[in-house]
Structures are given as C-alpha cells and as structure tokens.
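*Asks:* I'd like to ask some things about the structure below.
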Amino acid sequence: MRIITIDGLNAEVEVDGIRRKARLDLLPNAKVGDYVLIHAGMAIALVDEEEAQQTLSLFREYLK
C-alpha cells in the first residue's frame, strides 16, 4: 500500500482506492509516497515502487 498521510506513527495508506489506517512503529523513517507491506495494521517493510507496481499488477491479473 502507498502511504497517503502521516501523523506521528499513524499513517493512512491506500491501494486501488481502498484506504486503511496503519502504524509505522517498525518503519519510523517511512514517508508519504512510500510503498509499504502491511500486516495486521502494521507497516512491516518498505517496498520499492517498481516491485510494488509489479506485485499489484500480478494481484490485479489474478483477480480478473
């Protein structure tokens, strides 16, 4: 998911128009625009934008 806003360690993240709240405790250096892997409401890893786009493309293809 892509980080839309950050307020302290709270973030709003989005993918394909779906927005969720997430915590950045494990990634305090994450910034708006970064792609992150979310698990149980926690951002657990930064993801390179190219890798994120490839993964999202695969998910979208699978869901057709």
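Chain lettering (A, B, ...) mirrors the order of the structure tokens, residue numbering begins at 1 for each chain separately, and ligand numbering begins at 1 in order of display.
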As a ChimeraX atom specification, which residues of chain A does DSSP assign to alpha helix (DSSP H)?
*Replies:* /A:49-62
*Asks:* So that each row is one residue of region 15-35 of chain A with an atom at most 9 Å from region 41-52 of chain A, can you give its shortest atom pair and the distance in Å to one decimal, using only C-alpha atoms, rows by chain and rising number, as CSV?
*Replies:*
residue,atom,partner,partner_atom,distance
A:Arg20,CA,A:Gly41,CA,8.1
A:Lys21,CA,A:Gly41,CA,6.8
A:Ala22,CA,A:Gly41,CA,4.7
A:Arg23,CA,A:Met42,CA,4.8
A:Leu24,CA,A:Ala43,CA,5.5
A:Asp25,CA,A:Met42,CA,7.5
A:Leu26,CA,A:Ile44,CA,6.1
A:Leu27,CA,A:Ala43,CA,6.7
A:Ala30,CA,A:Leu46,CA,7.5
A:Asp34,CA,A:Leu46,CA,7.2
A:Tyr35,CA,A:Val47,CA,5.2
*Asks:* Go ahead and write the selection's residues with N, CA and C atoms as a tab-separated table (two decimals), in the first residue's frame.
*Replies:*
chain	number	residue	atom	x	y	z
A	20	ARG	N	-6.79	2.60	4.41
A	20	ARG	CA	-6.75	1.99	5.74
A	20	ARG	C	-5.81	2.80	6.62
A	21	LYS	N	-5.97	2.61	7.92
A	21	LYS	CA	-5.05	3.18	8.89
A	21	LYS	C	-3.96	2.14	9.14
A	22	ALA	N	-2.74	2.60	9.37
A	22	ALA	CA	-1.64	1.69	9.67
A	22	ALA	C	-0.68	2.37	10.63
A	23	ARG	N	0.03	1.57	11.38
A	23	ARG	CA	1.04	2.07	12.31
A	23	ARG	C	2.41	1.94	11.67
A	24	LEU	N	3.29	2.90	12.00
A	24	LEU	CA	4.64	2.93	11.44
A	24	LEU	C	5.71	2.65	12.49
A	25	ASP	N	5.34	2.00	13.59
A	25	ASP	CA	6.30	1.74	14.67
A	25	ASP	C	7.57	1.05	14.18
A	26	LEU	N	7.44	0.11	13.24
A	26	LEU	CA	8.60	-0.64	12.74
A	26	LEU	C	9.33	0.08	11.62
A	27	LEU	N	8.72	1.14	11.08
A	27	LEU	CA	9.30	1.89	9.96
A	27	LEU	C	9.21	3.39	10.23
A	30	ALA	N	9.68	5.93	7.35
A	30	ALA	CA	8.82	5.91	6.16
A	30	ALA	C	8.25	7.30	5.93
A	34	ASP	N	5.82	6.54	0.02
A	34	ASP	CA	6.48	5.23	0.09
A	34	ASP	C	5.44	4.12	-0.01
A	35	TYR	N	5.86	2.99	-0.57
A	35	TYR	CA	5.05	1.79	-0.57
A	35	TYR	C	5.50	0.92	0.58
*Asks:* Between A:Leu63, A:Leu58, A:Met1, A:Val36, which has the minimum distance to Asp16 (chain A) (counting only C-alpha atoms)?
*Replies:*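 When distances to Asp16 (chain A) are compared using only C-alpha atoms, the smallest one comes from A:Met1.
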*Asks:* So how far away is CA of Arg60 (chain A) from CA of Asn10 (chain A), in Å?
*Replies:*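 One can read the CA of Asn10 (chain A) to CA of Arg60 (chain A) distance as 27.3 Å.
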*Asks:* Measuring between only C-alpha atoms, which one of A:His39, A:Pro28, A:Gln53, A:Glu61 shows the shortest distance to Leu9 (chain A)?
*Replies:*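 Distance minimum relative to Leu9 (chain A) lands on A:Pro28.
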